[in-house]
Structures are given as C-alpha cells and as structure tokens.
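Structure file model_5.cif (mmCIF, C-alpha atoms and all ligand atoms) follows.
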```cif
data_target
loop_
_atom_site.label_atom_id
_atom_site.label_comp_id
_atom_site.auth_asym_id
_atom_site.auth_seq_id
_atom_site.Cartn_x
_atom_site.Cartn_y
_atom_site.Cartn_z
CA MET Z 827 -31.89 2.21 14.80
CA LYS Z 828 -31.96 1.05 11.19
CA PHE Z 829 -33.55 4.39 10.42
CA LEU Z 830 -30.70 6.36 11.97
CA ASP Z 831 -28.12 4.15 10.27
CA ARG Z 832 -29.36 5.36 6.93
CA PHE Z 833 -28.30 8.88 7.74
CA ARG Z 834 -25.09 7.98 9.47
CA ARG Z 835 -24.07 5.86 6.47
CA ARG Z 836 -24.00 8.91 4.20
CA ARG Z 837 -20.70 10.10 5.64
CA GLU Z 838 -18.55 7.28 4.32
CA PRO Z 839 -18.87 5.91 0.81
CA PRO Z 840 -20.74 2.60 0.81
CA SER Z 841 -18.44 -0.44 0.85
CA GLY Z 842 -19.47 -1.47 -2.67
CA GLU Z 843 -18.08 1.78 -4.00
CA VAL Z 844 -14.87 1.33 -2.00
CA ALA Z 845 -14.52 -2.15 -3.51
CA ARG Z 846 -14.97 -0.78 -7.02
CA GLU Z 847 -12.31 1.88 -6.62
CA ARG Z 848 -9.85 -0.52 -5.00
CA LEU Z 849 -10.41 -3.02 -7.77
CA ARG Z 850 -9.86 -0.39 -10.43
CA LEU Z 851 -6.37 0.25 -9.05
CA VAL Z 852 -5.52 -3.37 -8.33
CA LEU Z 853 -6.54 -4.49 -11.82
CA THR Z 854 -4.50 -1.74 -13.40
CA TYR Z 855 -1.40 -2.91 -11.56
CA ASP Z 856 -2.17 -6.57 -12.24
CA ARG Z 857 -2.67 -5.96 -15.96
CA THR Z 858 0.35 -3.78 -16.57
CA SER Z 859 2.64 -4.60 -13.64
CA ILE Z 860 2.97 -0.86 -13.17
CA SER Z 861 2.92 -0.31 -9.43
CA PRO Z 862 2.97 2.99 -7.54
CA ALA Z 863 6.56 2.17 -6.56
CA LEU Z 864 7.53 1.77 -10.22
CA LEU Z 865 5.96 5.13 -11.05
CA GLU Z 866 8.12 6.73 -8.34
CA THR Z 867 11.25 5.15 -9.76
CA LEU Z 868 10.38 6.28 -13.27
CA LYS Z 869 9.78 9.78 -12.01
CA ASP Z 870 13.16 9.97 -10.28
CA GLU Z 871 14.98 8.70 -13.35
CA ILE Z 872 13.11 11.00 -15.70
CA ILE Z 873 14.00 13.96 -13.49
CA SER Z 874 17.67 13.08 -13.49
CA VAL Z 875 17.84 12.48 -17.26
CA ILE Z 876 15.95 15.59 -18.27
CA SER Z 877 17.57 17.94 -15.81
CA ARG Z 878 20.94 17.04 -17.29
CA HIS Z 879 19.83 18.87 -20.43
CA VAL Z 880 17.09 21.30 -19.44
CA PRO Z 881 16.36 23.07 -16.15
CA ILE Z 882 13.14 21.63 -14.74
CA ASP Z 883 11.17 21.96 -11.54
CA PRO Z 884 11.58 18.54 -9.88
CA GLU Z 885 8.93 19.26 -7.26
CA ARG Z 886 6.22 19.55 -9.85
CA VAL Z 887 7.08 16.59 -12.05
CA GLU Z 888 4.29 14.00 -12.25
CA VAL Z 889 4.35 10.56 -13.80
CA THR Z 890 0.97 8.91 -13.95
CA PHE Z 891 -0.72 5.96 -15.52
CA LYS Z 892 -3.69 6.59 -17.75
CA GLU Z 893 -5.99 3.77 -18.69
CA GLY Z 894 -7.63 3.92 -22.09
CA ALA Z 895 -10.13 1.63 -23.76
CA ARG Z 896 -7.59 -0.19 -25.93
CA GLU Z 897 -4.32 1.52 -25.11
CA HIS Z 898 -2.84 2.55 -21.79
CA GLN Z 899 -0.41 5.42 -21.42
CA LEU Z 900 2.29 6.63 -19.15
CA VAL Z 901 1.86 10.37 -18.87
CA ALA Z 902 4.77 12.53 -17.72
CA HIS Z 903 4.13 16.11 -16.79
CA ILE Z 904 7.44 17.97 -16.69
CA PRO Z 905 7.25 21.71 -16.04
CA LEU Z 906 10.36 23.64 -17.12
CA ARG Z 907 11.94 26.06 -14.69
CA PRO Z 908 11.44 29.67 -15.84
CA THR Z 909 14.80 30.99 -17.04
CA GLY Z 910 13.83 34.67 -17.06
CA ARG Z 911 14.67 35.01 -20.71
CA GLY Z 912 11.89 33.04 -22.38
CA ARG Z 913 8.58 34.54 -23.28
CA ARG Z 914 6.22 34.79 -20.32
CA ARG Z 915 2.82 33.35 -21.28
CA MET U 595 -22.71 -33.88 -35.37
CA ALA U 596 -19.93 -31.57 -34.19
CA GLY U 597 -20.49 -30.68 -30.60
CA LYS U 598 -19.42 -27.44 -29.01
CA VAL U 599 -17.05 -27.40 -26.04
CA ILE U 600 -17.78 -24.84 -23.32
CA THR U 601 -15.38 -24.58 -20.39
CA ILE U 602 -16.53 -23.09 -17.09
CA THR U 603 -13.66 -21.53 -15.16
CA SER U 604 -12.96 -18.75 -12.65
CA GLY U 605 -9.49 -18.54 -11.15
CA LYS U 606 -10.84 -18.41 -7.60
CA GLY U 607 -12.34 -21.48 -5.96
CA GLY U 608 -15.82 -21.69 -4.49
CA VAL U 609 -17.48 -19.15 -6.78
CA GLY U 610 -19.92 -21.58 -8.39
CA LYS U 611 -18.19 -23.29 -11.33
CA THR U 612 -19.44 -26.76 -10.48
CA THR U 613 -22.92 -25.43 -9.72
CA ALA U 614 -22.98 -23.62 -13.07
CA THR U 615 -21.70 -26.67 -14.97
CA ALA U 616 -24.34 -28.98 -13.47
CA ASN U 617 -27.16 -26.54 -14.04
CA LEU U 618 -26.22 -25.49 -17.57
CA ALA U 619 -25.84 -29.14 -18.51
CA VAL U 620 -29.30 -29.86 -17.10
CA ALA U 621 -30.88 -26.77 -18.68
CA LEU U 622 -29.42 -27.55 -22.12
CA ALA U 623 -30.47 -31.21 -21.87
CA MET U 624 -34.01 -30.08 -21.03
CA ARG U 625 -33.93 -28.16 -24.31
CA GLU U 626 -33.43 -31.30 -26.41
CA GLN U 627 -29.65 -30.99 -26.59
CA ARG U 628 -27.40 -34.01 -26.18
CA VAL U 629 -25.09 -32.93 -23.37
CA VAL U 630 -22.07 -34.36 -21.57
CA ALA U 631 -20.79 -32.66 -18.43
CA ILE U 632 -17.08 -33.30 -17.95
CA ASP U 633 -15.41 -33.03 -14.56
CA ALA U 634 -11.85 -31.80 -15.11
CA ASP U 635 -11.20 -31.29 -11.41
CA ILE U 636 -9.13 -34.42 -10.97
CA GLY U 637 -8.51 -35.36 -7.36
CA LEU U 638 -11.28 -33.07 -6.10
CA ARG U 639 -14.27 -34.27 -8.03
CA ASN U 640 -17.64 -32.76 -7.15
CA LEU U 641 -19.69 -32.60 -10.28
CA ASP U 642 -20.88 -36.15 -9.63
CA VAL U 643 -22.40 -35.26 -6.25
CA MET U 644 -23.83 -31.95 -7.50
CA MET U 645 -25.62 -33.93 -10.24
CA GLY U 646 -26.59 -36.75 -7.88
CA LEU U 647 -24.75 -39.39 -9.93
CA GLU U 648 -21.98 -40.37 -7.50
CA ASN U 649 -23.29 -43.89 -6.92
CA ARG U 650 -23.27 -44.86 -10.55
CA ILE U 651 -19.64 -44.22 -11.43
CA VAL U 652 -17.66 -47.18 -12.71
CA TYR U 653 -14.83 -45.65 -14.74
CA ASP U 654 -13.51 -42.11 -14.94
CA LEU U 655 -11.59 -39.71 -17.18
CA VAL U 656 -8.19 -41.03 -16.12
CA ASP U 657 -9.28 -44.61 -16.88
CA VAL U 658 -10.18 -43.44 -20.38
CA VAL U 659 -6.91 -41.57 -20.89
CA GLU U 660 -4.84 -44.50 -19.61
CA GLY U 661 -6.75 -46.98 -21.75
CA ARG U 662 -8.44 -49.04 -19.01
CA CYS U 663 -11.84 -48.58 -20.62
CA ARG U 664 -13.49 -47.17 -23.68
CA LEU U 665 -14.89 -43.67 -23.55
CA ARG U 666 -18.49 -44.95 -23.79
CA GLN U 667 -18.02 -47.09 -20.69
CA ALA U 668 -17.00 -44.13 -18.55
CA LEU U 669 -20.09 -42.06 -19.39
CA VAL U 670 -22.75 -42.05 -16.67
CA ARG U 671 -26.28 -41.54 -17.96
CA ASP U 672 -28.54 -39.24 -15.96
CA LYS U 673 -31.80 -41.17 -15.65
CA ARG U 674 -33.83 -37.99 -15.18
CA LEU U 675 -32.88 -36.66 -18.62
CA PRO U 676 -32.13 -39.15 -21.40
CA GLU U 677 -29.91 -36.66 -23.24
CA LEU U 678 -27.61 -35.93 -20.30
CA PHE U 679 -24.35 -37.70 -19.42
CA LEU U 680 -21.47 -37.20 -16.98
CA LEU U 681 -17.81 -37.98 -17.58
CA PRO U 682 -16.49 -38.12 -14.01
CA ALA U 683 -13.01 -37.13 -12.84
CA ALA U 684 -10.75 -39.55 -11.00
CA GLN U 685 -10.76 -38.97 -7.28
CA THR U 686 -7.53 -40.69 -6.31
CA ARG U 687 -5.17 -39.13 -8.85
CA ASP U 688 -3.91 -35.64 -9.52
CA LYS U 689 -4.03 -33.17 -12.41
CA THR U 690 -0.83 -34.50 -13.96
CA ALA U 691 -2.60 -37.76 -14.82
CA VAL U 692 -4.17 -35.91 -17.77
CA SER U 693 -2.55 -33.58 -20.30
CA PRO U 694 -4.12 -30.82 -22.42
CA GLU U 695 -3.59 -33.06 -25.47
CA ASP U 696 -5.49 -35.89 -23.75
CA MET U 697 -8.40 -33.52 -23.11
CA VAL U 698 -8.45 -32.39 -26.73
CA ARG U 699 -8.45 -36.01 -27.91
CA VAL U 700 -11.24 -37.10 -25.55
CA CYS U 701 -13.36 -34.07 -26.45
CA ASP U 702 -12.84 -34.57 -30.18
CA GLU U 703 -14.26 -38.05 -29.79
CA LEU U 704 -17.21 -36.82 -27.70
CA ARG U 705 -18.00 -34.05 -30.18
CA GLN U 706 -19.11 -36.77 -32.60
CA SER U 707 -22.05 -37.78 -30.42
CA PHE U 708 -22.98 -34.69 -28.37
CA ASP U 709 -24.24 -31.18 -29.08
CA TYR U 710 -22.64 -29.68 -25.98
CA LEU U 711 -19.62 -30.64 -23.89
CA ILE U 712 -19.57 -28.61 -20.67
CA ILE U 713 -16.25 -28.79 -18.81
CA ASP U 714 -16.02 -28.02 -15.09
CA SER U 715 -12.57 -26.51 -14.55
CA PRO U 716 -10.69 -26.70 -11.27
CA ALA U 717 -9.75 -23.45 -9.53
CA GLY U 718 -6.33 -21.94 -10.18
CA ILE U 719 -4.32 -21.22 -13.31
CA GLU U 720 -2.08 -24.27 -13.34
CA GLN U 721 -2.26 -27.56 -15.16
CA GLY U 722 -5.84 -28.44 -14.21
CA PHE U 723 -6.99 -25.13 -15.67
CA ARG U 724 -4.83 -25.68 -18.77
CA ASN U 725 -6.40 -29.11 -19.25
CA ALA U 726 -9.89 -27.68 -18.94
CA VAL U 727 -9.45 -24.83 -21.41
CA ALA U 728 -7.37 -26.69 -24.03
CA PRO U 729 -10.37 -28.10 -25.93
CA ALA U 730 -12.69 -25.10 -25.37
CA ASP U 731 -14.55 -23.44 -28.24
CA GLU U 732 -16.06 -21.03 -25.78
CA VAL U 733 -15.26 -20.09 -22.19
CA ILE U 734 -17.60 -18.98 -19.43
CA ILE U 735 -16.00 -17.20 -16.49
CA VAL U 736 -17.89 -17.45 -13.21
CA THR U 737 -17.32 -14.75 -10.65
CA ASN U 738 -18.96 -13.36 -7.54
CA PRO U 739 -19.46 -9.65 -6.98
CA GLU U 740 -16.56 -9.64 -4.56
CA ILE U 741 -13.15 -8.10 -4.81
CA ALA U 742 -11.00 -11.27 -4.74
CA ALA U 743 -13.22 -13.18 -7.16
CA VAL U 744 -13.25 -10.31 -9.67
CA ARG U 745 -9.50 -9.89 -9.45
CA ASP U 746 -8.90 -13.58 -10.11
CA ALA U 747 -11.41 -13.53 -12.97
CA ASP U 748 -9.44 -10.68 -14.55
CA ARG U 749 -6.24 -12.67 -14.33
CA VAL U 750 -7.85 -15.67 -16.04
CA ILE U 751 -9.36 -13.47 -18.74
CA GLY U 752 -5.89 -12.04 -19.38
CA LEU U 753 -4.43 -15.53 -19.77
CA LEU U 754 -7.21 -16.63 -22.11
CA GLU U 755 -6.98 -13.49 -24.22
CA ALA U 756 -3.21 -13.95 -24.54
CA GLU U 757 -3.94 -17.40 -26.01
CA GLU U 758 -6.75 -16.01 -28.14
CA LYS U 759 -9.22 -18.41 -26.55
CA GLY U 760 -12.79 -17.40 -26.81
CA PRO U 761 -15.38 -16.07 -27.04
CA ILE U 762 -15.30 -15.44 -23.31
CA ARG U 763 -18.51 -14.62 -21.47
CA LEU U 764 -19.27 -13.90 -17.84
CA ILE U 765 -21.66 -15.27 -15.22
CA ILE U 766 -22.01 -13.13 -12.10
CA ASN U 767 -23.09 -15.60 -9.43
CA ARG U 768 -24.40 -15.06 -5.89
CA LEU U 769 -25.47 -11.48 -6.41
CA LYS U 770 -27.44 -10.21 -3.43
CA PRO U 771 -29.83 -7.53 -4.70
CA GLU U 772 -30.51 -6.40 -1.16
CA MET U 773 -26.81 -5.68 -0.52
CA VAL U 774 -26.43 -4.02 -3.91
CA ARG U 775 -29.32 -1.73 -3.09
CA ARG U 776 -27.68 -0.76 0.18
CA GLY U 777 -24.49 0.00 -1.74
CA ASP U 778 -22.64 -2.75 0.07
CA MET U 779 -21.94 -5.00 -2.89
CA LEU U 780 -20.31 -4.43 -6.27
CA THR U 781 -23.08 -4.00 -8.82
CA SER U 782 -23.22 -6.11 -11.97
CA GLU U 783 -22.43 -2.92 -13.92
CA ASP U 784 -19.30 -2.38 -11.81
CA VAL U 785 -18.13 -5.93 -12.48
CA LEU U 786 -18.82 -5.71 -16.21
CA GLU U 787 -17.06 -2.40 -16.52
CA LEU U 788 -14.01 -3.64 -14.64
CA LEU U 789 -13.71 -6.92 -16.52
CA ALA U 790 -14.81 -5.59 -19.91
CA ILE U 791 -16.23 -8.85 -21.25
CA GLU U 792 -19.68 -9.86 -22.40
CA LEU U 793 -22.25 -10.87 -19.80
CA ILE U 794 -24.16 -14.12 -20.29
CA GLY U 795 -26.11 -14.13 -17.05
CA ILE U 796 -26.59 -13.08 -13.46
CA VAL U 797 -27.49 -15.70 -10.86
CA PRO U 798 -28.75 -14.43 -7.52
CA GLU U 799 -27.76 -15.81 -4.17
CA ASP U 800 -30.40 -18.47 -3.58
CA GLU U 801 -30.70 -20.97 -0.72
CA THR U 802 -32.26 -23.53 -3.03
CA VAL U 803 -28.83 -23.93 -4.67
CA ILE U 804 -27.57 -25.32 -1.38
CA THR U 805 -30.55 -27.61 -0.77
CA ALA U 806 -30.21 -28.76 -4.38
CA ALA U 807 -26.59 -29.68 -3.72
CA ASN U 808 -27.68 -31.50 -0.56
CA THR U 809 -30.04 -33.72 -2.51
CA GLY U 810 -28.16 -33.96 -5.80
CA ARG U 811 -30.99 -32.39 -7.79
CA PRO U 812 -29.69 -29.30 -9.63
CA VAL U 813 -32.04 -26.29 -9.31
CA ALA U 814 -32.46 -26.13 -13.09
CA LEU U 815 -34.48 -29.39 -12.99
CA SER U 816 -37.50 -27.39 -11.92
CA ASP U 817 -38.43 -23.80 -12.65
CA ASP U 818 -39.58 -22.76 -9.21
CA SER U 819 -36.39 -21.04 -8.05
CA LEU U 820 -34.75 -17.77 -9.05
CA ALA U 821 -31.39 -19.46 -9.57
CA GLY U 822 -32.96 -22.24 -11.66
CA ARG U 823 -34.61 -19.69 -13.92
CA ALA U 824 -31.37 -17.72 -14.20
CA PHE U 825 -29.53 -20.86 -15.40
CA HIS U 826 -32.28 -21.56 -17.94
CA ASN U 827 -31.90 -18.03 -19.28
CA ILE U 828 -28.17 -18.61 -19.67
CA ALA U 829 -28.82 -21.88 -21.51
CA ARG U 830 -31.19 -20.06 -23.87
CA ARG U 831 -28.53 -17.42 -24.54
CA LEU U 832 -26.01 -20.19 -25.25
CA LEU U 833 -28.46 -21.55 -27.81
CA GLY U 834 -28.50 -18.15 -29.49
CA GLU U 835 -31.82 -16.89 -28.18
CA GLU U 836 -32.12 -13.21 -27.36
CA VAL U 837 -33.17 -13.22 -23.73
CA PRO U 838 -33.42 -9.73 -22.28
CA PHE U 839 -31.56 -9.10 -19.05
CA ALA U 840 -33.88 -8.11 -16.27
CA PRO U 841 -33.51 -4.40 -15.57
CA LEU U 842 -30.08 -3.66 -14.12
CA ARG U 843 -30.70 -0.17 -12.89
CA GLU U 844 -30.84 2.08 -9.90
CA PRO U 845 -33.81 1.42 -7.64
CA GLY U 846 -36.66 3.83 -8.25
CA LEU U 847 -38.65 5.63 -5.58
CA LEU U 848 -41.18 2.81 -5.28
CA GLU U 849 -38.49 0.23 -4.68
CA ARG U 850 -36.84 2.43 -2.13
CA LEU U 851 -40.14 2.80 -0.30
CA ARG U 852 -40.74 -0.93 -0.46
CA ASP U 853 -37.27 -1.36 0.91
CA TRP U 854 -38.00 0.84 3.87
CA PHE U 855 -40.94 -1.34 4.71
CA GLY U 856 -38.78 -4.41 4.50
CA ARG U 857 -40.32 -6.11 1.48
CA LYS U 858 -38.36 -8.76 -0.37
CA GLU U 859 -36.55 -8.43 -3.65
CA GLY U 860 -38.14 -9.48 -6.94
CA GLU U 861 -36.57 -11.41 -9.77
CA PRO U 862 -33.03 -10.47 -10.85
N1 LIG Z 1001 -26.24 -18.79 -6.49
C1 LIG Z 1001 -25.90 -19.42 -5.34
N2 LIG Z 1001 -26.62 -19.23 -4.21
C2 LIG Z 1001 -26.27 -19.85 -3.08
N3 LIG Z 1001 -25.24 -20.70 -2.95
C3 LIG Z 1001 -24.48 -20.93 -4.03
C4 LIG Z 1001 -24.77 -20.31 -5.29
N4 LIG Z 1001 -23.83 -20.73 -6.17
C5 LIG Z 1001 -23.02 -21.58 -5.51
N5 LIG Z 1001 -23.39 -21.71 -4.22
C6 LIG Z 1001 -22.72 -22.52 -3.18
O1 LIG Z 1001 -21.37 -22.15 -3.13
C7 LIG Z 1001 -20.54 -23.25 -2.90
C8 LIG Z 1001 -19.45 -23.34 -3.92
O2 LIG Z 1001 -20.01 -23.64 -5.18
P1 LIG Z 1001 -19.28 -24.56 -6.23
O3 LIG Z 1001 -20.16 -24.66 -7.42
O4 LIG Z 1001 -18.81 -25.83 -5.62
O5 LIG Z 1001 -18.01 -23.63 -6.56
P2 LIG Z 1001 -16.66 -24.00 -7.36
O6 LIG Z 1001 -16.94 -25.17 -8.23
O7 LIG Z 1001 -16.37 -22.74 -8.14
O8 LIG Z 1001 -15.62 -24.25 -6.33
C9 LIG Z 1001 -21.44 -24.46 -2.86
O9 LIG Z 1001 -21.69 -24.81 -1.54
C10 LIG Z 1001 -22.71 -23.99 -3.56
O10 LIG Z 1001 -23.84 -24.65 -3.07
MG MG Z 1002 -15.84 -27.04 -8.31
#
```

Show me this structure written as structure tokens.
Ligand SMILES: Nc1ncnc2c1ncn2[C@@H]1O[C@H](COP(=O)(O)OP(=O)(O)O)[C@@H](O)[C@H]1O
Ligand SMILES: [Mg+2]
Amino acid sequence: MKFLDRFRRRREPPSGEVARERLRLVLTYDRTSISPALLETLKDEIISVISRHVPIDPERVEVTFKEGAREHQLVAHIPLRPTGRGRRR
Amino acid sequence: MAGKVITITSGKGGVGKTTATANLAVALAMREQRVVAIDADIGLRNLDVMMGLENRIVYDLVDVVEGRCRLRQALVRDKRLPELFLLPAAQTRDKTAVSPEDMVRVCDELRQSFDYLIIDSPAGIEQGFRNAVAPADEVIIVTNPEIAAVRDADRVIGLLEAEEKGPIRLIINRLKPEMVRRGDMLTSEDVLELLAIELIGIVPEDETVITAANTGRPVALSDDSLAGRAFHNIARRLLGEEVPFAPLREPGLLERLRDWFGRKEGEP
C-alpha cells in the first residue's frame, strides 16, 4: 500500500509545498496590508481615473503586487485601446 | 563584567521557547559562562519546572520589582551547574505587575554579575512580550516548520525590526526530517527564505525533550540526544564559534533507498 501511495501522491503537490505557497501569500498581505480585495479596488479606481483622459481596455487592466528583496512594488498594466490612428507596432 | 541579554520569543505559544531557554542556559553554563535564566511569563511560569527548580523558589521577579526582596535573594541556584541561576516569574500575578522599564532595570543590575541573561518570553505581542524584549541585546525567534508558527514569527520579526531591536536570529524547532523528506513539512530552507533572517540552529523533534520536561532535567545536560546536541551547537554559535550546519539538502539516491527500506533518520 505504502508503495502505491508513492505513485498516487505525485498527482497533488506535497502538503509542504502547499504550505510554502500559502505562506508566501499570507506573509505578503500581513507585511503590506495589501489584500486581493484592495488590489481589486485599486484596479477599479485606476480604470476610472485613466479612462477619463485616455481610452483604455478595462478588461485587460492588471494591478499586481510584486515582492522584491528590499522594495515591494505595485505594478499596473494598462493597455491603451487602439484608436486606429496611432502607429501599429 | 557586562552580561549580554538574549530574549527568546515567538509570537505563537507552544513552539518551544521555554524549552530553548532552559537548554541554552544549561548549554552556556556548561561552557563556563555565568548564566541567569529569567522567566518573563508572569502568571504562567514554566521555566522553573522545565529546569527542575520549582521546589526551591522563595521570591520571584515581581517581589524584586515591588521591593519585597533584594535581587540576589530571588535567584535560585541550579545545584547541577554552579554557574547557572534562575530568576522565576510570579505565578499569582499578571503581566502588568512588571513594566518594560522594570525589566531593563533588573537586567542592568544582573549584567554586572553574569555573562548571559536568557529571557523566556511569553507568547503573544502584548505587554508580556514588550517586557521580555525591552532589555534585549539580541533576540532569538523560535518557530516550528508549520504555517501558523511561521506566520506569527514573521509578525514578531516585523515588530522587532520596526523598533530596530536585534540582531534577530532563528531557531527552527521540532523539525521532522522524515516528514520533510516526504514533502509533507516545510523545509528549513522554506522557512528561512520566507522569514529572511539568520538561522542559529535547527532542533529536531525528539521524544527526549518530553521526558526531560517530565523529570526536570533539560536535554542539554547530557550529550546523548539529538535535541541536546542541537542546543549545544546553538550555544557554541552564540559564543561566536563557527559551527557548520549539518547538510540541509535534498536527499540523495542512497537516502531515498534507505527510506524505502524504512531506516531511521540520521543527525539533523
Ligand atoms: N524539539 C522538541 N521535540 C519534542 N517536543 C518538544 C520539542 N520542543 C518542545 N517540545 C514540547 O513542546 C511543548 C511546548 O514547549 P514549550 O517550550 O513549553 O513551548 P513555549 O514555551 O513556546 O510555549 C512542550 O511539551 C515541550 O516538551
Ligand atoms: Mg513557555
């Protein structure tokens, strides 16, 4: 049985790995108080501010948290909507 | 003589702070250091029983702070090691009976006659913790390779860093090599990477720690247990010795094979 377990186990990541990944997220939120909900809020507000001035594609906007060694960053990815007049690539 | 104050803390309860305090105090005293172990867990004292000194307590920390006795009178000598003393906590009072300033004052007096003052902090991040870290020259965080313990350790490290307390070093206690090998426990590398502080030692899960607590004879008193040896290595590192960490690496083919045949784990 033990023998078979070893093969069956392969399918899911071992629980130690799950713990590590969960901790990585939890510690990020604990350290910065930046929660997934806050990122959503920031995204919505960024979309509304920017689209007042420039046409953007709200569907593709991303606001993420990037952890660095000393400095953490909020990274916003804001694709502009093609206007038909600008240079294509 | 200007003794060094080392506070042992963790955030989470039950991870091994009191065990680490008792054993590091013993291990340092066995290395010709004059050591006093201080129980800062007022109202929930345990260091006395872990060290086997509970029957010899006359006065405690709160008696000293409130002026009912002199500091000398509250110190309990460990008869097994002439250089080792305990300053017990009060059992019938609470944390508010002592302030951070009181702790600094008491420790400044003890520094005159000891090389090392090892403070056993209560769990939590409230006043008891504040009392315990106020006089610290150095802090040792104890954690277990478990998600809640690591999270709480991170919180405490954040608080200490904000106050520029330190250096801060880490003990990973109760590591089960067998579970790590199966992938079912955070590895010491995982914990170190997540917490990003310096490691001072890894103590394996070891039944003798529990029997030692039963009898009041800390494992570090003899060198026939894995945990006892791990605490001695930590004491040597505290004294500035370069003690290599046993290999913290992926198991090789041989170990895997041994595993399959159910052989036991070697030294951490
Ligand atoms: N390395 C270890 N192996 C086995 N048991 C341990 C180990 N370290 C601590 N323990 C046990 O865990 C329990 C909690 O330890 P303790 O030192 O009282 O923790 P804390 O002071 O952080 O609350 C005790 O019963 C102790 O015997
Ligand atoms: Mg304790």

Open item on the list: How would you report the residues lying within 7 Å of ligand LIG 1001 (chain Z), as a ChimeraX atom specification, if you count all atoms listed in the file?
Closed with: /U:604,607-614,717,767-768,797-801,803-804,807,821

Counting only C-alpha atoms, which residues of chain Z come no farther than 7 Å from chain U, as a compact mmCIF listing (two decimals) with C-alpha atoms, in the coordinates of the input?
```txt
# COMPACT_ATOMS: atom_id res chain seq x y z
CA PRO Z 840 -20.74 2.60 0.81
CA SER Z 841 -18.44 -0.44 0.85
CA GLY Z 842 -19.47 -1.47 -2.67
CA GLU Z 843 -18.08 1.78 -4.00
CA ALA Z 845 -14.52 -2.15 -3.51
CA ARG Z 846 -14.97 -0.78 -7.02
CA LEU Z 849 -10.41 -3.02 -7.77
CA ARG Z 850 -9.86 -0.39 -10.43
CA LEU Z 853 -6.54 -4.49 -11.82
```

- [ ] Please provide as a PyMOL selection string all residues within 12 Å of Glu866 (chain Z), with the sequence filter that same-chain residues fewer than 2 positions apart are discarded (counting only C-alpha atoms).
- [x] chain Z and resi 860-864+868-873+887-891+902

Show me, as lines of an AutoDock Vina configuration file, the centre and edge lengths in Å to one decimal of the axis-aligned box that covers every listed atom of region 884-903 of chain Z with 4 Å on each side.
```
center_x = 0.7
center_y = 9.7
center_z = -16.6
size_x = 29.7
size_y = 27.7
size_z = 26.7
```

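A search radius of 10 Å centred on (-8.1, -37.9, -23.4), applied to all atoms listed in the file, returns the residues Leu655, Val656, Asp657, Val658, Val659, Glu660, Gly661, Leu665, Val692, Ser693, Pro694, Glu695, Asp696, Met697, Val698, Arg699, Val700, Cys701, Asp702, Glu703 and Asn725 of chain U.
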
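Coordinates place CA of Ile712 (chain U) at a distance of 4.9 Å from CA of Ile600 (chain U).
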
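Between CA of Lys598 (chain U) and CA of Ala683 (chain U) lies a distance of 19.9 Å.
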
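Note that CA of Val736 (chain U) and CA of Pro761 (chain U) are 14.1 Å apart.
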
Task: Best match for closeness to ligand MG 1002 (chain Z) among U:Val629, U:Leu641, U:Leu622, U:Ile636, counting all atoms listed in the file - done: U:Leu641

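Among U:Ile713, U:Leu618, U:Ala691, U:Val727, the residue with the shortest atom-to-atom distance to ligand MG 1002 (chain Z), counting all atoms listed in the file, is U:Ile713.
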
- [ ] Determine the nearest neighbour of ligand MG 1002 (chain Z) from the options U:Val643, U:Leu680, U:Val599, U:Leu711, counting all atoms listed in the file.
- [x] U:Val643

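If all atoms listed in the file are the atoms counted, then among Z:Arg837, Z:Ser859, Z:Thr867, Z:Val875 the closest residue to Ile904 (chain Z) is Z:Val875.
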
Open item on the list: Need the shell around Ala684 (chain U): protein/DNA/RNA residues with any atom at most 10 Å away, counting all atoms listed in the file. Skip same-chain ones fewer than 2 positions apart. Format as a PyMOL selection string?
Closed with: chain U and resi 633-639+653-657+681-682+686-689+691

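Residue nearest Glu677 (chain U) within the list U:Arg628, U:Arg705, U:Arg664, U:Arg823: U:Arg628 [criterion: smallest interatomic distance, only C-alpha atoms].
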